[in-house]
Every structure is written in C-alpha cells, then in structure tokens.
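For reference, start35.cif (mmCIF, C-alpha atoms):
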data_entry
#
loop_
_atom_site.label_atom_id
_atom_site.label_comp_id
_atom_site.auth_asym_id
_atom_site.auth_seq_id
_atom_site.Cartn_x
_atom_site.Cartn_y
_atom_site.Cartn_z
CA MET A 142 92.00 134.96 55.15
CA ASN A 143 93.30 138.41 54.32
CA ALA A 144 96.77 139.61 55.22
CA VAL A 145 95.78 141.86 58.12
CA ARG A 146 93.84 139.08 59.83
CA LYS A 147 96.61 136.59 59.22
CA GLN A 148 99.07 138.98 60.83
CA ARG A 149 96.78 139.51 63.83
CA LEU A 150 96.34 135.75 64.18
CA PHE A 151 100.12 135.25 64.23
CA ILE A 152 100.59 138.02 66.80
CA VAL A 153 97.93 136.57 69.13
CA LEU A 154 99.26 133.01 68.77
CA GLY A 155 102.81 134.29 69.28
CA VAL A 156 101.85 136.10 72.49
CA LEU A 157 100.06 132.97 73.67
CA ALA A 158 103.03 130.70 72.90
CA GLY A 159 105.46 133.07 74.60
CA LEU A 160 103.33 133.33 77.71
CA ALA A 161 102.79 129.58 77.84
CA ALA A 162 106.56 129.05 77.67
CA ALA A 163 107.09 131.63 80.43
CA VAL A 164 104.48 129.98 82.68
CA ALA A 165 106.00 126.56 81.99
CA LEU A 166 109.49 127.76 82.94
CA VAL A 167 108.31 129.57 86.07
CA THR A 168 106.25 126.64 87.33
CA TYR A 169 109.13 124.27 86.54
CA ALA A 170 111.55 126.45 88.49
CA LEU A 171 109.12 126.66 91.42
CA LYS A 172 108.30 122.94 91.28
CA GLN A 173 109.29 122.28 94.89
CA ASN A 174 107.20 125.21 96.10
CA ILE A 175 104.13 124.19 94.13
CA ASN A 176 104.35 120.60 95.34
CA LEU A 177 102.21 120.53 98.45
CA PHE A 178 104.36 118.09 100.40
CA TYR A 179 107.64 116.22 100.62
CA THR A 180 107.42 112.50 99.90
CA PRO A 181 108.85 109.90 102.33
CA GLN A 182 111.53 109.18 99.73
CA GLN A 183 112.66 112.82 99.85
CA VAL A 184 112.65 112.79 103.67
CA ALA A 185 114.58 109.51 103.85
CA SER A 186 117.18 110.66 101.35
CA GLY A 187 117.78 113.88 103.29
CA GLU A 188 116.36 116.15 100.59
CA ALA A 189 113.83 117.66 103.01
CA PRO A 190 115.38 120.33 105.27
CA VAL A 191 115.60 119.34 108.93
CA GLY A 192 114.21 121.90 111.38
CA SER A 193 112.05 124.01 109.06
CA ARG A 194 108.28 123.97 108.72
CA MET A 195 106.90 121.86 105.89
CA ARG A 196 104.30 119.34 104.85
CA VAL A 197 104.92 115.67 104.28
CA GLY A 198 102.62 113.20 102.58
CA GLY A 199 102.47 109.45 102.23
CA LEU A 200 100.65 106.28 103.19
CA VAL A 201 100.19 105.27 106.83
CA VAL A 202 102.08 101.97 107.26
CA PRO A 203 99.53 99.28 108.33
CA GLY A 204 100.19 98.12 111.88
CA SER A 205 102.40 101.08 112.78
CA VAL A 206 99.79 103.27 114.48
CA GLU A 207 100.38 103.51 118.24
CA ARG A 208 97.95 105.49 120.36
CA ASN A 209 98.61 106.60 123.88
CA GLN A 210 95.68 105.49 126.05
CA GLU A 211 95.70 108.59 128.30
CA THR A 212 96.56 111.44 125.93
CA LEU A 213 95.85 112.33 122.33
CA ASN A 214 99.39 111.39 121.33
CA VAL A 215 99.67 109.17 118.31
CA VAL A 216 102.71 107.82 116.52
CA PHE A 217 102.71 106.21 113.08
CA ASP A 218 105.02 105.50 110.17
CA LEU A 219 104.61 107.09 106.76
CA THR A 220 105.82 105.45 103.57
CA ASP A 221 105.67 105.65 99.79
CA GLY A 222 107.41 102.33 99.20
CA LYS A 223 110.75 104.06 98.64
CA GLY A 224 111.31 105.51 102.11
CA THR A 225 109.79 105.44 105.60
CA PHE A 226 109.86 107.77 108.59
CA THR A 227 107.96 108.29 111.83
CA VAL A 228 105.32 110.96 112.52
CA HIS A 229 104.46 112.15 116.03
CA TYR A 230 101.16 113.95 116.45
CA GLN A 231 99.02 115.21 119.30
CA GLY A 232 95.44 116.00 118.44
CA ILE A 233 92.29 114.73 116.78
CA LEU A 234 92.75 112.80 113.55
CA PRO A 235 90.36 113.28 110.61
CA ASP A 236 87.61 110.68 110.11
CA LEU A 237 89.26 109.24 107.03
CA PHE A 238 92.53 108.56 108.87
CA ARG A 239 93.22 104.84 108.89
CA GLU A 240 96.03 102.44 108.24
CA GLY A 241 96.96 102.28 104.57
CA GLN A 242 95.35 105.69 103.98
CA GLY A 243 97.17 108.55 102.27
CA ILE A 244 97.65 111.57 104.56
CA VAL A 245 99.34 114.96 104.50
CA ALA A 246 100.89 116.26 107.73
CA ASN A 247 101.95 119.81 108.52
CA GLY A 248 104.79 120.37 110.99
CA THR A 249 108.56 120.20 111.38
CA LEU A 250 111.17 117.56 110.76
CA ALA A 251 112.75 117.48 114.24
CA GLN A 252 115.32 114.83 113.39
CA PRO A 253 116.14 113.30 110.00
CA LEU A 254 113.50 110.57 110.37
CA ARG A 255 111.22 112.04 113.06
CA PHE A 256 108.47 114.41 111.96
CA GLU A 257 106.49 116.35 114.54
CA ALA A 258 103.09 117.21 113.10
CA ASP A 259 100.66 119.81 114.39
CA GLU A 260 98.05 119.12 111.71
CA VAL A 261 97.10 115.89 109.93
CA LEU A 262 94.91 115.96 106.81
CA ALA A 263 93.48 112.87 105.12
CA LYS A 264 93.92 112.47 101.39
CA HIS A 265 91.42 110.35 99.52
CA ASP A 266 91.76 108.91 96.07
CA GLU A 267 89.53 109.25 93.02
CA THR A 268 87.90 105.84 93.47
CA TYR A 269 84.27 105.74 94.57
CA MET A 270 82.16 102.66 95.18
CA PRO A 271 79.22 101.50 97.27
CA PRO A 272 80.14 99.75 100.58
CA GLU A 273 78.70 96.43 99.38
CA VAL A 274 81.04 96.39 96.40
CA GLN A 275 83.99 97.15 98.69
CA ASP A 276 82.95 94.28 101.02
CA ALA A 277 82.64 91.88 98.12
CA LEU A 278 86.04 92.92 96.77
CA GLU A 279 87.59 92.41 100.17
CA LYS A 280 86.05 88.98 100.65
CA ALA A 281 87.37 87.95 97.27
CA GLY A 282 90.80 89.22 98.32
CA HIS A 283 90.96 91.56 95.36
CA PRO A 284 94.28 93.38 95.37
CA GLY A 285 92.82 96.64 94.07
CA ALA A 286 90.22 96.86 96.84
CA GLY A 287 91.49 100.19 98.05
CA PRO A 288 92.85 101.15 101.47
CA ALA A 289 92.43 98.76 104.39
CA GLN A 290 89.08 99.05 106.09
CA ASP A 291 89.96 98.02 109.67
CA ALA A 292 89.42 100.82 112.12
CA PRO A 293 92.61 102.21 113.58
CA MET B 55 81.57 119.71 55.56
CA TRP B 56 84.05 122.58 55.80
CA SER B 57 81.85 124.90 53.76
CA THR B 58 78.88 124.14 56.05
CA LEU B 59 80.99 125.05 59.06
CA VAL B 60 82.11 128.27 57.42
CA ARG B 61 78.51 129.13 56.58
CA TRP B 62 77.40 128.51 60.18
CA TYR B 63 80.29 130.58 61.42
CA HIS B 64 79.25 133.53 59.27
CA GLN B 65 75.55 133.14 60.02
CA LEU B 66 75.93 132.85 63.79
CA GLY B 67 78.42 135.68 63.64
CA SER B 68 75.65 138.04 62.63
CA PRO B 69 73.67 139.36 65.61
CA ARG B 70 70.50 139.33 63.57
CA TYR B 71 70.77 135.65 62.60
CA PHE B 72 71.94 134.72 66.09
CA TYR B 73 68.94 136.47 67.63
CA ARG B 74 66.48 134.64 65.39
CA PHE B 75 68.23 131.30 65.77
CA SER B 76 68.31 131.56 69.56
CA THR B 77 64.61 132.50 69.69
CA VAL B 78 63.87 129.12 68.13
CA VAL B 79 66.21 126.89 70.15
CA LEU B 80 65.98 128.59 73.54
CA PRO B 81 62.65 127.09 74.75
CA TRP B 82 63.84 123.56 73.96
CA LEU B 83 67.18 124.12 75.66
CA TRP B 84 65.43 125.53 78.75
CA VAL B 85 63.27 122.42 79.12
CA LEU B 86 66.19 120.06 78.52
CA ALA B 87 68.46 121.92 80.94
CA ILE B 88 65.93 122.02 83.78
CA VAL B 89 64.86 118.39 83.36
CA LEU B 90 68.43 117.05 83.21
CA THR B 91 69.61 119.16 86.15
CA ALA B 92 66.62 118.14 88.29
CA VAL B 93 66.91 114.45 87.42
CA GLY B 94 70.69 114.38 87.88
CA LEU B 95 70.69 116.21 91.22
CA VAL B 96 67.76 114.32 92.77
CA TRP B 97 69.17 110.99 91.57
CA GLY B 98 72.64 111.78 92.82
CA LEU B 99 71.72 113.43 96.11
CA ALA B 100 68.94 111.07 97.14
CA PHE B 101 69.14 107.77 95.29
CA ALA B 102 72.75 106.99 94.36
CA PRO B 103 74.47 104.59 96.79
CA GLU B 104 76.78 106.02 99.42
CA ASP B 105 80.54 105.72 99.15
CA TYR B 106 82.46 102.97 101.00
CA GLN B 107 84.92 105.47 102.42
CA GLN B 108 83.26 108.87 102.62
CA GLY B 109 79.69 107.79 103.30
CA ASN B 110 77.16 110.43 102.36
CA SER B 111 79.52 113.39 102.30
CA TYR B 112 80.78 112.46 98.83
CA ARG B 113 77.36 113.41 97.42
CA ILE B 114 78.44 117.01 97.01
CA ILE B 115 80.39 115.70 94.00
CA PHE B 116 77.10 115.93 92.06
CA ILE B 117 77.33 119.73 92.33
CA HIS B 118 81.09 120.22 92.68
CA VAL B 119 82.26 118.38 89.56
CA PRO B 120 79.60 119.79 87.16
CA ALA B 121 80.28 123.35 88.41
CA ALA B 122 84.05 123.01 88.12
CA GLY B 123 83.82 121.32 84.71
CA ALA B 124 81.46 123.95 83.36
CA ALA B 125 83.72 126.75 84.65
CA LEU B 126 86.69 125.22 82.80
CA THR B 127 84.75 124.56 79.61
CA GLY B 128 83.27 128.05 79.77
CA TYR B 129 86.74 129.56 79.99
CA VAL B 130 87.88 127.66 76.91
CA ALA B 131 84.78 128.89 75.05
CA MET B 132 85.53 132.44 76.19
CA GLY B 133 89.13 132.04 75.00
CA VAL B 134 87.98 130.91 71.55
CA ALA B 135 85.57 133.84 71.40
CA GLY B 136 88.45 136.10 72.44
CA LEU B 137 90.63 134.80 69.60
CA VAL B 138 87.84 135.36 67.07
CA ALA B 139 87.18 138.84 68.47
CA LEU B 140 90.87 139.78 68.28
CA VAL B 141 91.58 138.42 64.81
CA TRP B 142 88.28 138.83 62.97
CA ARG B 143 86.83 141.69 65.07
CA MET B 144 83.51 139.87 65.10
CA LYS B 145 80.88 141.67 67.18
CA MET B 146 79.08 138.47 68.13
CA ALA B 147 82.31 137.07 69.65
CA GLU B 148 82.66 140.20 71.80
CA ILE B 149 79.06 139.75 72.93
CA MET B 150 79.78 136.11 73.84
CA ILE B 151 82.71 137.06 76.07
CA ARG B 152 80.48 139.53 77.87
CA ALA B 153 77.81 136.85 78.22
CA ILE B 154 80.07 134.04 79.45
CA ALA B 155 82.28 135.84 82.00
CA PRO B 156 79.85 136.51 84.89
CA PHE B 157 78.30 133.03 84.79
CA GLY B 158 81.74 131.46 84.58
CA ALA B 159 82.76 133.42 87.66
CA VAL B 160 79.69 132.17 89.53
CA LEU B 161 80.44 128.55 88.55
CA ALA B 162 84.08 128.86 89.60
CA ALA B 163 82.94 130.31 92.94
CA VAL B 164 80.43 127.47 93.39
CA ALA B 165 83.17 124.92 92.66
CA LEU B 166 85.49 126.53 95.21
CA LEU B 167 82.74 126.81 97.83
CA THR B 168 81.44 123.24 97.47
CA GLY B 169 85.04 122.05 97.44
CA ALA B 170 85.66 123.79 100.77
CA ILE B 171 82.49 122.30 102.26
CA TRP B 172 83.54 118.87 101.02
CA GLY B 173 87.10 119.31 102.22
CA LYS B 174 86.24 119.83 105.88
CA PRO B 175 84.70 116.40 106.59
CA THR B 176 87.01 114.40 104.30
CA TRP B 177 90.42 116.09 104.38
CA GLY B 178 89.98 117.85 107.71
CA THR B 179 90.40 121.38 106.35
CA TYR B 180 88.40 123.88 104.31
CA TRP B 181 91.33 125.16 102.32
CA VAL B 182 94.89 124.24 101.51
CA TRP B 183 97.19 126.03 99.09
CA ASP B 184 97.78 123.12 96.78
CA ALA B 185 98.15 123.41 93.02
CA ARG B 186 94.56 122.51 92.11
CA LEU B 187 92.84 124.80 94.60
CA THR B 188 95.16 127.71 93.94
CA SER B 189 94.90 127.51 90.14
CA MET B 190 91.10 127.30 90.43
CA LEU B 191 91.13 130.44 92.57
CA ILE B 192 93.23 132.13 89.85
CA MET B 193 90.58 131.09 87.33
CA LEU B 194 87.90 132.83 89.43
CA PHE B 195 90.04 135.99 89.47
CA LEU B 196 90.58 135.78 85.69
CA TYR B 197 86.81 135.59 85.16
CA LEU B 198 86.31 138.56 87.48
CA GLY B 199 89.13 140.37 85.66
CA VAL B 200 87.35 139.94 82.32
CA VAL B 201 84.12 141.27 83.83
CA ALA B 202 85.93 144.21 85.43
CA LEU B 203 87.85 145.12 82.24
CA MET B 204 84.65 145.28 80.23
CA LYS B 205 82.95 147.39 82.88
CA ALA B 206 85.95 149.69 83.34
CA ILE B 207 86.30 150.69 79.69
CA GLU B 208 83.43 152.89 78.55
CA ASP B 209 83.62 152.07 74.85
CA ASP B 210 82.15 148.60 74.12
CA ARG B 211 84.61 147.64 71.40
CA GLN B 212 87.70 148.92 73.21
CA GLY B 213 86.65 147.12 76.36
CA ALA B 214 85.99 143.94 74.42
CA ARG B 215 89.46 144.05 72.87
CA ALA B 216 91.15 144.27 76.27
CA ALA B 217 88.93 141.52 77.69
CA SER B 218 89.57 139.33 74.62
CA LEU B 219 93.28 139.36 75.28
CA LEU B 220 92.77 138.37 78.92
CA SER B 221 90.39 135.59 77.82
CA VAL B 222 92.89 134.18 75.32
CA VAL B 223 95.86 134.38 77.67
CA GLY B 224 93.90 132.89 80.58
CA VAL B 225 93.39 129.65 78.65
CA ILE B 226 96.93 128.71 79.77
CA ASN B 227 95.53 128.56 83.31
CA VAL B 228 92.82 126.10 82.20
CA VAL B 229 95.59 123.68 81.22
CA VAL B 230 97.28 124.24 84.58
CA VAL B 231 94.01 123.56 86.47
CA LYS B 232 93.37 120.42 84.46
CA TYR B 233 96.81 118.86 84.95
CA SER B 234 97.65 120.37 88.36
CA VAL B 235 96.89 117.08 90.13
CA GLU B 236 99.21 115.15 87.81
CA TRP B 237 102.16 117.52 87.50
CA TRP B 238 102.52 118.24 91.20
CA ASN B 239 101.61 116.37 94.34
CA SER B 240 98.51 117.85 95.91
CA LEU B 241 95.85 117.13 98.52
CA HIS B 242 93.17 117.11 95.82
CA GLN B 243 92.75 113.68 94.27
CA GLY B 244 93.12 112.92 90.56
CA SER B 245 90.21 112.96 88.16
CA THR B 246 87.59 110.22 88.38
CA ILE B 247 86.13 110.52 84.91
CA ASN B 248 88.78 109.78 82.34
CA LEU B 249 88.59 109.48 78.59
CA THR B 250 91.92 107.72 78.17
CA ARG B 251 92.07 105.66 81.37
CA GLU B 252 89.49 103.63 83.24
CA THR B 253 86.84 105.64 85.05
CA THR B 254 87.05 104.83 88.75
CA MET B 255 83.36 104.99 89.60
CA PRO B 256 80.62 102.38 89.18
CA ALA B 257 77.71 103.07 86.81
CA GLU B 258 75.15 103.65 89.60
CA MET B 259 77.14 106.72 90.68
CA LEU B 260 78.59 107.70 87.32
CA VAL B 261 75.30 107.92 85.41
CA PRO B 262 73.65 110.46 87.76
CA LEU B 263 76.94 112.41 87.78
CA LEU B 264 77.00 112.55 83.98
CA VAL B 265 73.30 113.52 83.88
CA SER B 266 73.79 116.39 86.33
CA MET B 267 76.89 117.46 84.39
CA ALA B 268 74.88 117.58 81.17
CA GLY B 269 72.13 119.51 83.00
CA ILE B 270 74.42 122.12 84.54
CA TYR B 271 76.41 122.57 81.29
CA LEU B 272 73.12 123.19 79.48
CA LEU B 273 71.89 125.54 82.20
CA PHE B 274 75.14 127.47 81.75
CA ALA B 275 74.66 127.55 77.96
CA VAL B 276 71.06 128.72 78.32
CA SER B 277 72.07 131.50 80.71
CA VAL B 278 74.79 132.61 78.29
CA LEU B 279 72.30 132.65 75.40
CA VAL B 280 69.81 134.75 77.35
CA ARG B 281 72.51 137.21 78.35
CA ALA B 282 73.87 137.36 74.81
CA ARG B 283 70.39 138.20 73.54
CA ALA B 284 70.02 141.00 76.07
CA GLU B 285 73.41 142.31 74.98
CA ILE B 286 72.35 142.21 71.31
CA LEU B 287 69.24 144.20 72.21
CA ARG B 288 71.37 146.80 73.98
CA ARG B 289 74.01 147.14 71.28
CA GLU B 290 71.78 146.97 68.22
CA ARG B 291 68.95 149.07 69.62
CA LYS B 292 69.29 151.59 66.79
CA SER B 293 69.45 149.09 63.93
CA ARG B 294 66.41 148.70 61.77
CA TRP B 295 66.18 144.88 61.81
CA LEU B 296 65.82 144.92 65.57
CA GLN B 297 63.12 147.55 65.53
CA GLU B 298 61.22 145.43 63.04
CA GLU B 299 61.83 142.24 65.03
CA VAL B 300 60.72 143.41 68.44
#
Once you've parsed the file, please lay out its structure as structure tokens.
Amino acid sequence: MNAVRKQRLFIVLGVLAGLAAAVALVTYALKQNINLFYTPQQVASGEAPVGSRMRVGGLVVPGSVERNQETLNVVFDLTDGKGTFTVHYQGILPDLFREGQGIVANGTLAQPLRFEADEVLAKHDETYMPPEVQDALEKAGHPGAGPAQDAP
Amino acid sequence: MWSTLVRWYHQLGSPRYFYRFSTVVLPWLWVLAIVLTAVGLVWGLAFAPEDYQQGNSYRIIFIHVPAAGAALTGYVAMGVAGLVALVWRMKMAEIMIRAIAPFGAVLAAVALLTGAIWGKPTWGTYWVWDARLTSMLIMLFLYLGVVALMKAIEDDRQGARAASLLSVVGVINVVVVKYSVEWWNSLHQGSTINLTRETTMPAEMLVPLLVSMAGIYLLFAVSVLVRARAEILRRERKSRWLQEEV
C-alpha cells in the first residue's frame, strides 16, 4: 500500500474511532433516557421520581390481578424479582396481557409504590413455539415453559 | 489464498470485468433469489405452525426479520464500499454505494412498517420510542442521507466522496441497532436467531425463516447488481470497451 493511501486509511479509521468513542460516551451519559422504562427494583429503591410521567416495566405477579366487575379498573403487582409495586389501570388491556407476562406501563408514580397507568403495553420474548409443544412442556412441568398460560 | 483475494479485488474493481462477470452470474442469481423467496414466504405464511402465544400474528416475522437483517447487512456492505472508495478511490466502490443505498432504504422502511403492523396486535401500539425502533429509524435516515448527498452533488466523484464518509460513519449505528436490545431495556424483544447462544425457535419455524432470509438477501443482492450495471453503463458510456460490448 502506498504512503498516500496508508495516510488516508489512518485518517478514515481515526475519524471512525473518534466518532465511535463520542457516540459511546453520549449514549452512556444518556443511559437513563434511552432505557425505555424503570424496573421494579428502581421504583422500590426510590430511584424513580415520584410524581413525574414515566414508563415502568416488569412481570405481572401471578395471582395479583384484581379486576373490578363493573368498571374497567384493574390492579396488579409488577415485579422483577428484586422489587415489587402496584399498578392501577383503567382501560382495555392488550391481548397478550396475562399473569407472568412482561409488560410496560406508561403513567405516573402517584406514591412511592403506587403507579397509575394510562397505557399498558405487552412485551413478548424472543421464544416462539407451536401450541402443542407449549402444552407438552406444561404437562411435563418444564420450568422453561414460558409465561403462565391461564387466562387472567 | 491471499493472492487470490487480491486478484479478485482488482478484477471486480474494474467496471469492465464486473460488467462481464455480472452478465454471467445474474440469471442464476435471479432464479435462486425468486425461488428461495417464494418458497420461504409461502412456507412461513401458510404452512409453518402458529405460535403458542401470538397465534397467527407472529407470521409477519417471515418478512420483518429478513428485511431488517438485509437492511443491516446492506449498510455494512455500503460502509466497506465507502472505506474502499475513500482510501483507494476505486470507481466500482463508488458505484456500489450508489447501487446499495436506495434498496437499503426500502428494506429499512419495510422493516419499520412491518414492525409497526406487528406491534399493534402484540404490544398494543404501533410505535414506541425505544432504543431498537429509534436506532432503526436513524438507519433509514442515514440511507436516505446517502441517496440525497449523491443526488445533491452534481459531480459523480465529489458526491461519492461525501456519501462514502456518511456510509463509513453510519456503520457505528449498525452496531447500536444490533445491540440496542441488550444494552438498554426496550419493548422490542431480544434476537431469536443467535450464533453464540441457543436459538429460541423450533426447526419447523426456523427453517422457513432462514429460507426466506436467504431469498430476500439474494433479491437485495440481485437488485444491487442490476442497479450497479445500469450505473456502469451511465458512467462508462464514452469508453470504448462498453461500446464494443453493447
């Protein structure tokens, strides 16, 4: 490789490395803004600001979902194994909402452990399988069978 | 081995050799691309089993994942071409950037659109500003930026130099898109097909997905080749070899 090309190669790679470092630093500094939601651990430890709008995400605690028979009000607990808090929501839940399912809720933290959601989104994981396989796994009591199937 | 690679590099770097070479391989690639895409899509959309959780709505994965994957791969290819164009000033690399960018933009748009359609029934929303979706949108804008830069600058070589720089620099965003679901928490799930970890999909779904991925990647490659050939015809219209060839 001749000297001119070598120099150009170094300049281009240098620009690339510098920009990559800048992007890395910026995204690191904005970590909390890029994260879509606060985890239950952050809410439980008081890291999430009370009273301001935000998103929270976690798993719906099995057995915690309480529906009001007359209204669309629903109350459930959200956990990540390291913290738990209660979500209050009024509205229609997405089809994939069920106990044990990961969800993301948009709203405000009214009190330290009481979140008032005005939007609930269902998260799904990267595991796909036919229903028969899921049934078989559940019958065998396989621990990795995915979220609980029972309808909420 | 190395000397063969260097020879290929120099041969394919010449528009004349590239034009002849692509005339030979193009018909075969066309057939392969169409057959694989058709088989993969029909298999995936009609015959693969439904998902235990999402039912039939997961089937859009057979378009969404190949389009997104091809858009990412295409950007890396464009970045490599950009590096070659900047350092070695190779004409063929400039032509490749011009050929890749518009199709890459279309694929990125298809990935975003199918993602939105998929998001509504599963997540409950068309769009959310999480790291994966946002970085993919940036990728679409980078592709459009490369197209716009080339169109905006009258002189082919000047325009190519500006676009090359954007192509090279934009590769950083490819890394961000790829790892966005691991570095930050997001609504978008992690990747299903993994080289280092276990793939979380049974063979009866995975095989049609891989077939349609191969098909759409090839369709992308074929489109790029056709566009590169048209660009060679435009740029080399005054050269003697072309007048003899056509």
Q) Could you work out how far atom CA of A:Tyr230 lies from atom CA of A:Ala185, giving the answer in Å with one decimal? A)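 Taking atom CA of A:Ala185 and atom CA of A:Tyr230, their separation equals 18.9 Å.
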Q: Apply the PyMOL selection byres ((chain B) within 8 of (chain A)) to the structure shown and report the selected residues as an MDAnalysis selection string.
A: chainID B and resid 103:108 137 140:142 175:179 183:185 222:223 226 238:246 254:256 259
Q: In Å, rounded to a single decimal, give me how far atom CA of B:Leu273 is from atom CA of B:Val134.
A: 20.0 Å
Q. On this structure, which residues satisfy the PyMOL selection byres ((chain B and resi 172) around 12), written as a PyMOL selection string?
A. (chain A and resi 265) or (chain B and resi 108-119+164-171+173-181+242)
(Q) With all atoms listed in the file as the counted atoms, please give the residues lying no more than 12 Å from A:Ser193, apart from itself and same-chain residues fewer than 4 positions off, as number ranges by chain. (A) A: 189, 197, 247-253, 256-258
Q: Excluding A:Asp218 and any residue of its chain fewer than 6 positions from it, enumerate the residues within 7 Å of it, using all atoms listed in the file, and give them as a list of chain:residue names.
A: A:Val201, A:Val202, A:Ser205, A:Thr225, A:Phe226, A:Thr227, A:Val228
Q | Close residues, B:Ala102 itself excluded, 8 Å, only C-alpha atoms, min 5 positions apart in chain, as a VMD selection string | A | chain B and resid 97 258 to 259 262
Q: List every protein, DNA or RNA residue that has an atom no more than 10 Å from (67.5, 125.7, 78.6) in the file's coordinate frame, counting all atoms listed in the file, and report them as a list in words.
A: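 In the file's frame, the residues around the point are Val79, Leu80, Pro81, Trp82, Leu83, Trp84, Val85, Leu86, Ala87, Ile88, Val89, Leu90, Gly269, Ile270, Tyr271, Leu272, Leu273, Phe274, Ala275, Val276, Ser277, Leu279 and Val280 of chain B.
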**Q.** Selected residue of minimal separation from B:His64 among B:Val138, B:Ser293, B:Arg186, B:Val200, counting all atoms listed in the file
**A.**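 For B:His64, the nearest of the given residues is B:Val138.
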Residues within 12 Å of B:Ser221, please, as a short mmCIF file (atom, residue, chain, number, x, y, z; two decimals) with C-alpha atoms, in the coordinates of the input. Count all atoms listed in the file; anything in the same chain fewer than 6 positions from it doesn't count.
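The result, stored in out.cif:
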data_model
loop_
_atom_site.label_atom_id
_atom_site.label_comp_id
_atom_site.auth_asym_id
_atom_site.auth_seq_id
_atom_site.Cartn_x
_atom_site.Cartn_y
_atom_site.Cartn_z
CA VAL A 153 97.93 136.57 69.13
CA LEU A 157 100.06 132.97 73.67
CA GLY B 128 83.27 128.05 79.77
CA TYR B 129 86.74 129.56 79.99
CA VAL B 130 87.88 127.66 76.91
CA ALA B 131 84.78 128.89 75.05
CA MET B 132 85.53 132.44 76.19
CA GLY B 133 89.13 132.04 75.00
CA VAL B 134 87.98 130.91 71.55
CA ALA B 135 85.57 133.84 71.40
CA GLY B 136 88.45 136.10 72.44
CA LEU B 137 90.63 134.80 69.60
CA VAL B 138 87.84 135.36 67.07
CA ALA B 139 87.18 138.84 68.47
CA LEU B 140 90.87 139.78 68.28
CA ALA B 147 82.31 137.07 69.65
CA GLU B 148 82.66 140.20 71.80
CA MET B 150 79.78 136.11 73.84
CA ILE B 151 82.71 137.06 76.07
CA ARG B 152 80.48 139.53 77.87
CA ILE B 154 80.07 134.04 79.45
CA ALA B 155 82.28 135.84 82.00
CA GLY B 158 81.74 131.46 84.58
CA MET B 193 90.58 131.09 87.33
CA PHE B 195 90.04 135.99 89.47
CA LEU B 196 90.58 135.78 85.69
CA TYR B 197 86.81 135.59 85.16
CA LEU B 198 86.31 138.56 87.48
CA GLY B 199 89.13 140.37 85.66
CA VAL B 200 87.35 139.94 82.32
CA VAL B 201 84.12 141.27 83.83
CA LEU B 203 87.85 145.12 82.24
CA MET B 204 84.65 145.28 80.23
CA ALA B 214 85.99 143.94 74.42
CA ARG B 215 89.46 144.05 72.87
CA ASN B 227 95.53 128.56 83.31
CA VAL B 228 92.82 126.10 82.20
#
Q: Pick out the closest residue to A:Val191 from this set: A:Asp259, A:Leu254, A:Gly222, A:Gln242. Count all atoms listed in the file.
A: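 Of all the options, A:Leu254 lies closest to A:Val191.
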Q. For B:Arg70, which of B:Lys205, B:Arg211, B:Arg283, B:Arg251 is the closest residue, counting all atoms listed in the file?
A.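 Looking only at the distances to B:Arg70, the closest residue turns out to be B:Arg283.
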Q: Kindly give the distance, in Å, that separates atom CA of B:Lys145 and atom CA of B:Val300, rounded to a single decimal.
A: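 Straight-line distance from atom CA of B:Lys145 to atom CA of B:Val300 works out to 20.3 Å.
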Q: On this file, the PyMOL selection byres ((chain B and resi 296) around 10) gives some set of residues; write that set as an MDAnalysis selection string.
A: chainID B and resid 69:70 73 286:287 290:295 297:300
Q: Within 10 Å of (101.3, 97.5, 113.3) (coordinates as in the file), grab all the protein and nucleic acid residues, counting only C-alpha atoms, and write them out as number ranges by chain.
A: A: 202-207, 217-218, 240, 293
Q | Option closest in space to B:Leu264, from B:Ile192, B:Ile247, B:Val231, B:Ile207 [counting all atoms listed in the file] | A |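 Of B:Ile192, B:Ile247, B:Val231, B:Ile207, the one nearest B:Leu264, counting all atoms listed in the file, is B:Ile247.
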